[in-house]
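Colleague: Contents of start.tsv (TSV, C-alpha atoms) are below:
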```
chain	number	residue	atom	x	y	z
X	1474	MET	CA	-15.73	21.21	1.70
X	1475	VAL	CA	-14.98	21.12	5.42
X	1476	SER	CA	-13.26	18.01	6.78
X	1477	ASP	CA	-16.45	16.54	8.27
X	1478	GLY	CA	-18.14	16.60	4.85
X	1479	LYS	CA	-20.10	19.82	5.26
X	1480	VAL	CA	-20.24	21.96	2.12
X	1481	VAL	CA	-19.54	25.68	2.47
X	1482	SER	CA	-20.19	28.35	-0.14
X	1483	ASN	CA	-16.79	30.03	0.09
X	1484	PRO	CA	-14.40	29.63	-2.87
X	1485	LEU	CA	-11.31	27.43	-2.56
X	1486	GLU	CA	-8.42	29.82	-3.21
X	1487	ARG	CA	-4.97	28.45	-2.43
X	1488	SER	CA	-1.43	29.74	-2.76
X	1489	SER	CA	1.95	28.03	-2.55
X	1490	CYS	CA	5.41	29.30	-1.57
X	1491	ASN	CA	8.10	28.39	-4.10
X	1492	ASN	CA	10.85	28.82	-1.49
X	1493	CYS	CA	9.68	26.53	1.34
X	1494	GLY	CA	6.71	24.76	-0.24
X	1495	HIS	CA	4.20	25.96	2.35
X	1496	GLY	CA	0.63	25.90	1.06
X	1497	PHE	CA	-1.93	28.34	2.38
X	1498	HIS	CA	-5.21	30.07	1.68
X	1499	ALA	CA	-4.97	33.21	-0.42
X	1500	LYS	CA	-7.22	34.98	2.09
X	1501	ASN	CA	-6.60	34.73	5.82
X	1502	PHE	CA	-9.26	33.12	8.00
X	1503	SER	CA	-10.75	35.19	10.79
X	1504	GLU	CA	-11.11	33.83	14.31
X	1505	GLU	CA	-14.88	33.95	13.80
X	1506	GLN	CA	-14.64	31.71	10.72
X	1507	ILE	CA	-12.65	29.13	12.65
X	1508	LYS	CA	-15.18	29.12	15.49
X	1509	GLU	CA	-18.02	28.76	13.00
X	1510	ILE	CA	-16.41	25.73	11.31
X	1511	TYR	CA	-15.82	23.91	14.61
X	1512	SER	CA	-19.13	24.83	16.16
X	1513	ALA	CA	-21.48	22.41	17.90
X	1514	ASP	CA	-22.52	20.68	14.64
X	1515	TYR	CA	-18.98	19.70	13.63
X	1516	SER	CA	-19.05	15.92	13.57
X	1517	ILE	CA	-15.79	14.42	12.34
X	1518	GLY	CA	-15.19	10.96	13.77
X	1519	LEU	CA	-18.81	10.45	14.82
X	1520	ARG	CA	-20.32	9.11	11.60
X	1521	ASP	CA	-18.66	5.69	11.53
X	1522	PRO	CA	-17.49	4.56	14.99
X	1523	VAL	CA	-16.14	1.26	13.62
X	1524	ALA	CA	-13.90	3.00	11.10
X	1525	GLU	CA	-12.87	5.57	13.70
X	1526	ALA	CA	-11.86	2.83	16.13
X	1527	ALA	CA	-9.77	1.05	13.48
X	1528	ARG	CA	-8.13	4.31	12.42
X	1529	SER	CA	-7.30	5.24	16.02
X	1530	ALA	CA	-5.84	1.82	16.76
X	1531	GLU	CA	-3.51	2.08	13.77
X	1532	TYR	CA	-2.45	5.63	14.66
X	1533	SER	CA	-1.66	4.57	18.22
X	1534	ARG	CA	0.38	1.60	17.02
X	1535	GLN	CA	2.49	3.71	14.68
X	1536	ILE	CA	2.90	6.54	17.20
X	1537	GLU	CA	4.14	4.12	19.86
X	1538	ALA	CA	6.55	2.48	17.41
X	1539	PHE	CA	7.91	5.88	16.32
X	1540	LEU	CA	8.45	7.07	19.90
X	1541	THR	CA	10.10	3.82	20.93
X	1542	HIS	CA	12.42	3.95	17.92
X	1543	GLN	CA	13.37	7.58	18.48
X	1544	LEU	CA	13.57	7.71	22.28
X	1545	GLY	CA	14.35	4.17	23.40
X	1546	ASN	CA	14.44	3.98	27.19
X	1547	GLU	CA	13.44	7.66	27.40
X	1548	ALA	CA	9.99	6.82	26.00
X	1549	ASN	CA	8.27	7.31	29.34
X	1550	PHE	CA	5.04	9.29	29.38
X	1551	PRO	CA	3.16	9.25	32.70
X	1552	LYS	CA	1.25	12.42	31.79
X	1553	ILE	CA	0.03	13.14	28.24
X	1554	ILE	CA	-2.21	15.68	26.57
X	1555	GLU	CA	-3.84	15.63	23.15
X	1556	PHE	CA	-4.96	18.79	21.38
X	1557	GLY	CA	-7.87	18.10	19.04
X	1558	CYS	CA	-8.70	14.78	20.69
X	1559	GLY	CA	-11.88	14.20	18.67
X	1560	SER	CA	-13.86	11.18	19.87
X	1561	GLY	CA	-11.21	10.37	22.47
X	1562	THR	CA	-10.63	6.93	20.96
X	1563	LEU	CA	-6.99	7.57	20.03
X	1564	LEU	CA	-6.24	9.13	23.42
X	1565	SER	CA	-7.69	6.05	25.12
X	1566	HIS	CA	-5.51	3.75	23.03
X	1567	LEU	CA	-2.36	5.75	23.74
X	1568	THR	CA	-3.09	6.09	27.45
X	1569	ASP	CA	-3.03	2.30	27.63
X	1570	ARG	CA	-0.15	1.75	25.18
X	1571	LEU	CA	2.13	4.34	26.76
X	1572	GLY	CA	1.16	3.53	30.34
X	1573	ALA	CA	0.05	7.07	31.13
X	1574	GLN	CA	-1.22	7.71	34.63
X	1575	ILE	CA	-3.07	10.88	33.64
X	1576	ALA	CA	-4.27	12.01	30.22
X	1577	THR	CA	-6.03	15.18	29.06
X	1578	GLY	CA	-7.93	15.73	25.84
X	1579	VAL	CA	-8.80	19.15	24.46
X	1580	GLU	CA	-11.41	19.39	21.69
X	1581	PRO	CA	-12.92	22.59	20.17
X	1582	SER	CA	-16.28	21.11	19.10
X	1583	SER	CA	-18.73	20.91	22.00
X	1584	ARG	CA	-20.59	18.04	20.33
X	1585	VAL	CA	-17.45	15.98	19.75
X	1586	ALA	CA	-16.10	16.77	23.23
X	1587	ALA	CA	-19.36	15.60	24.82
X	1588	ASN	CA	-19.11	12.35	22.87
X	1589	ALA	CA	-15.49	11.90	23.94
X	1590	ARG	CA	-16.42	12.15	27.62
X	1591	LEU	CA	-18.64	9.10	27.13
X	1592	ASN	CA	-15.83	7.10	25.51
X	1593	VAL	CA	-12.85	7.62	27.82
X	1594	GLY	CA	-11.86	6.01	31.10
X	1595	ASP	CA	-11.24	7.43	34.55
X	1596	ARG	CA	-7.63	8.42	33.86
X	1597	ILE	CA	-8.69	10.78	31.06
X	1598	SER	CA	-10.33	14.21	31.35
X	1599	ILE	CA	-11.83	16.03	28.37
X	1600	HIS	CA	-11.88	19.83	28.04
X	1601	GLN	CA	-13.84	21.74	25.43
X	1602	GLY	CA	-11.95	24.56	23.71
X	1603	PHE	CA	-9.02	25.41	21.47
X	1604	ALA	CA	-5.40	24.55	22.25
X	1605	GLU	CA	-4.42	28.21	22.31
X	1606	GLN	CA	-7.00	28.86	25.05
X	1607	PHE	CA	-6.08	25.90	27.23
X	1608	GLU	CA	-4.46	26.86	30.53
X	1609	GLU	CA	-2.74	24.50	32.95
X	1610	THR	CA	-1.39	25.46	36.35
X	1611	ALA	CA	1.99	23.81	35.72
X	1612	PRO	CA	3.64	22.91	32.39
X	1613	ASP	CA	4.50	19.33	33.27
X	1614	TYR	CA	3.09	17.05	30.57
X	1615	ASN	CA	5.65	14.59	29.24
X	1616	LEU	CA	3.98	14.36	25.85
X	1617	CYS	CA	1.79	16.75	23.88
X	1618	LEU	CA	0.14	15.12	20.89
X	1619	SER	CA	-1.87	16.45	17.97
X	1620	VAL	CA	-3.09	14.35	15.05
X	1621	ASN	CA	-4.30	16.16	11.94
X	1622	VAL	CA	-4.90	19.39	13.83
X	1623	ILE	CA	-2.14	21.86	12.99
X	1624	GLU	CA	-3.22	22.11	9.34
X	1625	HIS	CA	-6.58	23.45	10.59
X	1626	THR	CA	-5.11	26.27	12.67
X	1627	ARG	CA	-5.06	29.85	11.44
X	1628	ASN	CA	-1.78	30.46	13.30
X	1629	PRO	CA	0.48	27.35	13.29
X	1630	ARG	CA	3.17	29.19	15.26
X	1631	GLY	CA	0.66	30.07	17.97
X	1632	PHE	CA	-0.52	26.46	18.04
X	1633	LEU	CA	3.03	25.16	18.53
X	1634	GLN	CA	3.57	27.74	21.25
X	1635	ALA	CA	0.47	26.34	22.99
X	1636	CYS	CA	1.99	22.86	22.74
X	1637	ARG	CA	5.27	24.19	24.14
X	1638	ARG	CA	3.52	25.85	27.10
X	1639	VAL	CA	2.03	22.63	28.46
X	1640	ILE	CA	5.08	20.33	28.39
X	1641	HIS	CA	7.91	19.96	30.85
X	1642	LYS	CA	11.21	21.38	29.62
X	1643	THR	CA	12.36	17.82	28.89
X	1644	GLY	CA	9.02	16.90	27.33
X	1645	ASN	CA	8.15	15.91	23.78
X	1646	ILE	CA	5.70	17.17	21.20
X	1647	VAL	CA	4.34	14.85	18.51
X	1648	VAL	CA	2.64	16.42	15.52
X	1649	ILE	CA	1.01	14.38	12.76
X	1650	CYS	CA	-0.31	16.11	9.67
X	1651	PRO	CA	-0.80	15.44	5.97
X	1652	ASP	CA	2.52	15.34	4.12
X	1653	GLY	CA	2.44	18.53	2.08
X	1654	GLU	CA	5.08	17.20	-0.29
X	1655	ILE	CA	2.57	14.65	-1.55
X	1656	VAL	CA	-0.05	16.23	-3.78
X	1657	GLY	CA	-3.51	14.86	-3.11
X	1658	SER	CA	-7.01	15.40	-1.81
X	1659	GLU	CA	-5.77	17.28	1.27
X	1660	LEU	CA	-5.80	20.35	-0.99
X	1661	LEU	CA	-9.59	20.11	-1.32
X	1662	PHE	CA	-10.48	20.48	2.35
X	1663	TYR	CA	-11.45	24.08	2.97
X	1664	ASP	CA	-10.47	23.95	6.63
X	1665	HIS	CA	-6.99	22.62	5.85
X	1666	ILE	CA	-5.56	26.09	6.08
X	1667	SER	CA	-1.93	25.00	5.70
X	1668	ASN	CA	-0.08	22.38	3.67
X	1669	PHE	CA	3.23	21.67	5.42
X	1670	THR	CA	6.46	20.55	3.87
X	1671	ARG	CA	9.27	19.46	6.18
X	1672	ALA	CA	11.03	22.74	5.43
X	1673	SER	CA	8.04	24.97	6.17
X	1674	LEU	CA	7.13	23.20	9.42
X	1675	ALA	CA	10.76	23.34	10.60
X	1676	MET	CA	10.83	27.11	10.09
X	1677	ILE	CA	7.52	27.62	11.89
X	1678	ALA	CA	8.68	25.41	14.75
X	1679	ALA	CA	11.92	27.40	15.03
X	1680	SER	CA	9.91	30.60	15.37
X	1681	ALA	CA	8.21	28.97	18.38
X	1682	ASN	CA	11.60	28.05	19.90
X	1683	LEU	CA	11.19	24.40	19.03
X	1684	ARG	CA	13.24	22.09	16.88
X	1685	ILE	CA	12.23	19.03	14.90
X	1686	VAL	CA	14.44	16.20	16.11
X	1687	ALA	CA	12.90	13.46	13.95
X	1688	ASN	CA	10.23	12.90	11.33
X	1689	SER	CA	8.97	9.96	9.33
X	1690	PRO	CA	6.19	9.11	6.88
X	1691	LEU	CA	3.40	6.95	8.25
X	1692	MET	CA	2.84	3.61	6.56
X	1693	GLY	CA	0.07	1.30	5.40
X	1694	GLY	CA	-3.39	2.80	5.55
X	1695	LEU	CA	-1.92	6.02	6.93
X	1696	GLN	CA	0.26	6.73	3.91
X	1697	GLY	CA	0.21	10.39	2.99
X	1698	PHE	CA	0.71	11.54	6.58
X	1699	ARG	CA	3.96	12.42	8.35
X	1700	ILE	CA	4.86	12.28	12.05
X	1701	TYR	CA	7.18	14.83	13.67
X	1702	LEU	CA	8.92	14.82	17.04
X	1703	LEU	CA	9.66	18.28	18.45
X	1704	ARG	CA	11.51	19.43	21.56
X	1705	PHE	CA	12.63	22.63	23.21
X	1706	GLY	CA	15.68	24.22	21.64
X	1707	ASP	CA	17.11	26.26	18.82
X	1708	ALA	CA	16.85	24.65	15.41
X	1709	ASP	CA	19.71	24.34	12.96
X	1710	LEU	CA	17.70	25.00	9.83
X	1711	GLY	CA	20.70	24.82	7.54
X	1712	ASN	CA	19.51	24.97	3.97
X	1713	GLN	CA	15.86	24.19	4.62
X	1714	ALA	CA	14.44	26.47	1.95
X	1715	ARG	CA	14.90	25.29	-1.60
X	1716	GLY	CA	13.07	25.43	-4.86
X	1717	PHE	CA	9.51	24.16	-4.64
X	1718	GLU	CA	8.28	25.43	-8.02
X	1719	VAL	CA	7.51	21.90	-9.23
X	1720	LEU	CA	5.43	21.16	-6.13
X	1721	SER	CA	3.52	24.40	-6.60
X	1722	GLN	CA	2.72	23.49	-10.20
X	1723	GLU	CA	1.64	19.98	-9.23
X	1724	ARG	CA	-0.79	21.44	-6.73
X	1725	VAL	CA	-2.27	23.71	-9.38
X	1726	GLU	CA	-2.66	20.81	-11.80
X	1727	TYR	CA	-4.32	18.62	-9.17
X	1728	VAL	CA	-6.95	21.20	-8.25
X	1729	ASN	CA	-7.56	22.01	-11.92
X	1730	THR	CA	-8.08	18.32	-12.65
X	1731	TRP	CA	-10.72	18.12	-9.93
X	1732	SER	CA	-12.53	21.00	-11.61
X	1733	LYS	CA	-13.00	18.68	-14.62
X	1734	VAL	CA	-14.28	15.65	-12.69
X	1735	GLN	CA	-18.00	16.34	-12.91
X	1736	ASP	CA	-18.13	16.97	-16.66
X	1737	THR	CA	-15.79	14.13	-17.65
X	1738	THR	CA	-17.35	11.50	-15.37
X	1739	CYS	CA	-20.95	12.36	-16.20
X	1740	GLY	CA	-20.03	12.57	-19.88
X	1741	MET	CA	-18.50	9.10	-19.91
X	1742	LEU	CA	-21.43	7.52	-18.02
X	1743	LYS	CA	-24.16	9.47	-19.79
X	1744	GLY	CA	-27.32	7.39	-20.07
X	1745	ARG	CA	-25.89	4.53	-18.01
X	1746	LYS	CA	-26.90	3.38	-14.56
X	1747	TYR	CA	-24.04	3.09	-12.05
X	1748	GLY	CA	-23.19	2.88	-8.37
X	1749	VAL	CA	-20.51	4.42	-6.16
X	1750	PHE	CA	-18.12	2.32	-4.10
X	1751	GLY	CA	-17.34	3.96	-0.77
X	1752	THR	CA	-19.13	6.20	1.73
X	1753	GLY	CA	-16.10	7.92	3.24
X	1754	GLU	CA	-14.46	11.29	2.78
X	1755	TYR	CA	-13.83	10.75	-0.94
X	1756	SER	CA	-17.58	10.38	-1.50
X	1757	ASP	CA	-17.98	13.61	0.44
X	1758	LEU	CA	-15.46	15.28	-1.87
X	1759	LEU	CA	-17.37	14.11	-4.94
X	1760	HIS	CA	-20.60	15.37	-3.38
X	1761	ALA	CA	-19.01	18.77	-2.73
X	1762	TYR	CA	-17.07	19.34	-5.94
X	1763	SER	CA	-18.87	17.08	-8.43
X	1764	PRO	CA	-22.43	16.83	-7.08
X	1765	SER	CA	-23.93	15.44	-10.28
X	1766	VAL	CA	-21.74	12.33	-10.00
X	1767	ILE	CA	-23.44	11.54	-6.68
X	1768	GLU	CA	-26.91	12.72	-7.68
X	1769	LYS	CA	-27.02	10.45	-10.75
X	1770	ALA	CA	-25.79	7.34	-8.95
X	1771	GLU	CA	-28.29	4.57	-8.22
X	1772	PHE	CA	-26.77	3.40	-4.94
X	1773	PHE	CA	-23.63	3.17	-2.80
X	1774	VAL	CA	-21.61	0.03	-2.14
X	1775	ARG	CA	-19.38	-0.75	0.83
X	1776	ASP	CA	-18.05	-3.88	2.48
X	1777	GLN	CA	-19.95	-3.55	5.73
X	1778	PRO	CA	-22.68	-0.91	5.55
X	1779	VAL	CA	-23.31	1.00	8.76
X	1780	GLU	CA	-26.01	3.19	7.26
X	1781	ALA	CA	-29.15	2.35	5.26
X	1782	ASP	CA	-28.79	5.33	2.95
X	1783	PHE	CA	-26.16	7.90	2.07
X	1784	TYR	CA	-26.91	11.22	0.36
X	1785	GLY	CA	-30.43	9.89	-0.23
X	1786	LYS	CA	-29.25	6.72	-1.99
X	1787	PRO	CA	-29.48	3.15	-0.64
X	1788	VAL	CA	-26.29	1.54	0.65
X	1789	VAL	CA	-25.73	-2.13	-0.21
X	1790	SER	CA	-23.01	-4.56	0.75
X	1791	VAL	CA	-20.45	-5.78	-1.77
X	1792	LYS	CA	-21.93	-9.26	-1.42
X	1793	ASP	CA	-25.42	-8.03	-2.33
X	1794	PHE	CA	-24.06	-5.88	-5.18
X	1795	LEU	CA	-22.30	-8.87	-6.74
X	1796	SER	CA	-25.52	-10.89	-6.63
X	1797	LEU	CA	-27.30	-8.32	-8.83
X	1798	PRO	CA	-26.98	-7.70	-12.57
X	1799	ARG	CA	-23.61	-6.01	-12.99
X	1800	LEU	CA	-23.57	-2.23	-13.18
X	1801	PRO	CA	-20.43	-0.09	-13.46
X	1802	LEU	CA	-19.02	1.56	-10.34
X	1803	ILE	CA	-17.31	4.83	-9.59
X	1804	ALA	CA	-14.60	4.23	-7.00
X	1805	ALA	CA	-14.89	6.92	-4.32
X	1806	VAL	CA	-11.55	6.01	-2.75
X	1807	HIS	CA	-8.26	7.81	-2.33
X	1808	GLU	CA	-5.93	7.60	-5.30
X	1809	ARG	CA	-3.44	5.49	-3.35
X	1810	SER	CA	-6.14	2.86	-2.72
X	1811	TRP	CA	-7.40	2.87	-6.28
X	1812	PRO	CA	-5.14	0.13	-7.78
X	1813	LEU	CA	-6.22	-2.41	-5.14
X	1814	VAL	CA	-9.91	-1.54	-5.49
X	1815	ARG	CA	-9.66	-1.62	-9.29
X	1816	ASP	CA	-8.06	-5.07	-9.36
X	1817	ARG	CA	-10.48	-6.42	-6.77
X	1818	PHE	CA	-13.60	-5.55	-8.77
X	1819	LYS	CA	-12.13	-6.36	-12.15
X	1820	SER	CA	-11.52	-9.88	-10.85
X	1821	GLU	CA	-15.30	-10.01	-10.31
X	1822	ASP	CA	-15.89	-8.79	-13.88
X	1823	VAL	CA	-17.16	-5.39	-12.69
X	1824	GLN	CA	-16.44	-2.25	-14.68
X	1825	ILE	CA	-15.03	0.27	-12.22
X	1826	PHE	CA	-13.67	3.76	-12.82
X	1827	HIS	CA	-11.96	6.48	-10.80
X	1828	SER	CA	-13.26	9.97	-11.51
X	1829	LEU	CA	-9.86	11.60	-11.17
X	1830	GLU	CA	-8.34	9.24	-13.72
X	1831	ILE	CA	-11.19	9.95	-16.11
X	1832	ALA	CA	-10.56	13.68	-15.73
X	1833	ARG	CA	-6.81	13.25	-16.20
X	1834	GLN	CA	-7.28	11.31	-19.40
X	1835	ASP	CA	-9.58	14.01	-20.69
X	1836	LEU	CA	-6.82	16.57	-20.13
X	1837	ILE	CA	-4.33	14.69	-22.29
X	1838	PRO	CA	-3.96	16.55	-25.62
```
Could you write out this structure as structure tokens?

Modeller:
Amino acid sequence: MVSDGKVVSNPLERSSCNNCGHGFHAKNFSEEQIKEIYSADYSIGLRDPVAEAARSAEYSRQIEAFLTHQLGNEANFPKIIEFGCGSGTLLSHLTDRLGAQIATGVEPSSRVAANARLNVGDRISIHQGFAEQFEETAPDYNLCLSVNVIEHTRNPRGFLQACRRVIHKTGNIVVICPDGEIVGSELLFYDHISNFTRASLAMIAASANLRIVANSPLMGGLQGFRIYLLRFGDADLGNQARGFEVLSQERVEYVNTWSKVQDTTCGMLKGRKYGVFGTGEYSDLLHAYSPSVIEKAEFFVRDQPVEADFYGKPVVSVKDFLSLPRLPLIAAVHERSWPLVRDRFKSEDVQIFHSLEIARQDLIP
């Protein structure tokens, strides 16, 4: 499945380096494949503007806090650029938070870029294209930002070189990406070409004549992601590479468990009516990798529905669901959110299950 929920017919074949922990596709992507994925119909960030706005606000808050903590009085960014700016919502937030006089967004999808132009203010310009193709007359941005972009690139070194080209020699690069040392659903996105550990990203950055000067996990609803601050200079890698055999095995086990989800979930709920809680990316993952779980559901449930139907099923509010005769639910939420969702519905006397937990229990000898 591609990150905007679109299902592709290509197999998911991943490999993992035991020395640095870098995860990658067994077969290299061609430039044509990348362009096809991020063509005009790519729509990430456009489906639920309310959720996108909340997500962007939280990213901007944590980015500003990280930069202030790391740079102190040097956190001055009159001119910023974001590669992979999406809807432009995050760039708008940061332009205001950081007091930027000029901001530039670069977005490969023509559809998403057109939407961004409608969302941003006068200080922000939006360009359609890839980071590697972007050309600026003078490399004088104070901050180059990318959020959940580098894992999509077929050449991470080339992407970081593009970031390096646009900043002033005293400028800063901020990269946010899924934390590759945490095993989770990131592995299931077909267009997540790389899974970065701190060691693997440091080595790639060094090859682009950049060094990681700070990094930190994001918190709260952004758990599972890591923020990096990079600058010009030679990196002291020290003993970055170490044994990552355990991480490699955990990745294998996670993907193998997902291959069991459809049979174990449908087997447990055979003959029973049920709903699905959630209409986000986890529902998309179930639709892609366990389609029968979605096809056999009666409806979807979410706190504040923004759509009348989802995958051909009606969407009802939690309030309306609780007023009906109780049916079991499948929680289509990330594993880290599962305990809270489980306890919330159990307090309402609702049977609720997580498909991955069902599959894991089935794997126990």

Colleague: Set the distance at 7 Å and use only C-alpha atoms: which residues neighbour range 1631-1642 of chain X once local chain neighbours fewer than 6 positions away are removed? I'd like the list as a PyMOL selection string.

Modeller: chain X and resi 1604-1605+1609+1612-1617+1678+1681+1705

Colleague: Please give the centre and size of the box around range 1756-1772 of chain X (axis-aligned, containing every atom listed in the file, 4 Å added per side), with values in Å to one decimal and written as JSON.

Modeller:
```
{"center_x": -21.9, "center_y": 11.4, "center_z": -5.2, "size_x": 20.8, "size_y": 23.9, "size_z": 19.2}
```

Colleague: What's the separation between CA of Leu1703 in chain X and CA of His1600 in chain X, in Å to one decimal place?

Modeller: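 Between these atoms lies a distance of 23.6 Å.
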
Colleague: Measuring atom to atom with only C-alpha atoms, identify which of X:Thr1670, X:Asn1645, X:Ser1796, X:Gln1735 is nearest to Lys1769 in chain X.

Modeller: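 For Lys1769 in chain X, the nearest of the given residues is X:Gln1735.
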
Colleague: Using only C-alpha atoms, determine which residues lie at most 9 Å from Val1806 in chain X, disregarding the query and same-chain residues fewer than 5 positions distant; provide the list as a CSV table (one decimal) with C-alpha atoms, in the frame of the given file.

Modeller:
```
chain,number,residue,atom,x,y,z
X,1750,PHE,CA,-18.1,2.3,-4.1
X,1751,GLY,CA,-17.3,4.0,-0.8
X,1752,THR,CA,-19.1,6.2,1.7
X,1753,GLY,CA,-16.1,7.9,3.2
X,1754,GLU,CA,-14.5,11.3,2.8
X,1755,TYR,CA,-13.8,10.8,-0.9
X,1756,SER,CA,-17.6,10.4,-1.5
X,1811,TRP,CA,-7.4,2.9,-6.3
X,1814,VAL,CA,-9.9,-1.5,-5.5
X,1827,HIS,CA,-12.0,6.5,-10.8
```

Colleague: With distances taken over all atoms listed in the file, which residue among X:Ser1765, X:Thr1738, X:Gln1543, X:Ser1673 lies nearest Phe1826 in chain X?

Modeller: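 When distances to Phe1826 in chain X are compared using all atoms listed in the file, the smallest one comes from X:Thr1738.
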
Colleague: Enter the distance from CA of Val1686 in chain X to CA of Gly1545 in chain X, in Å, rounded to one decimal.

Modeller: 14.1 Å
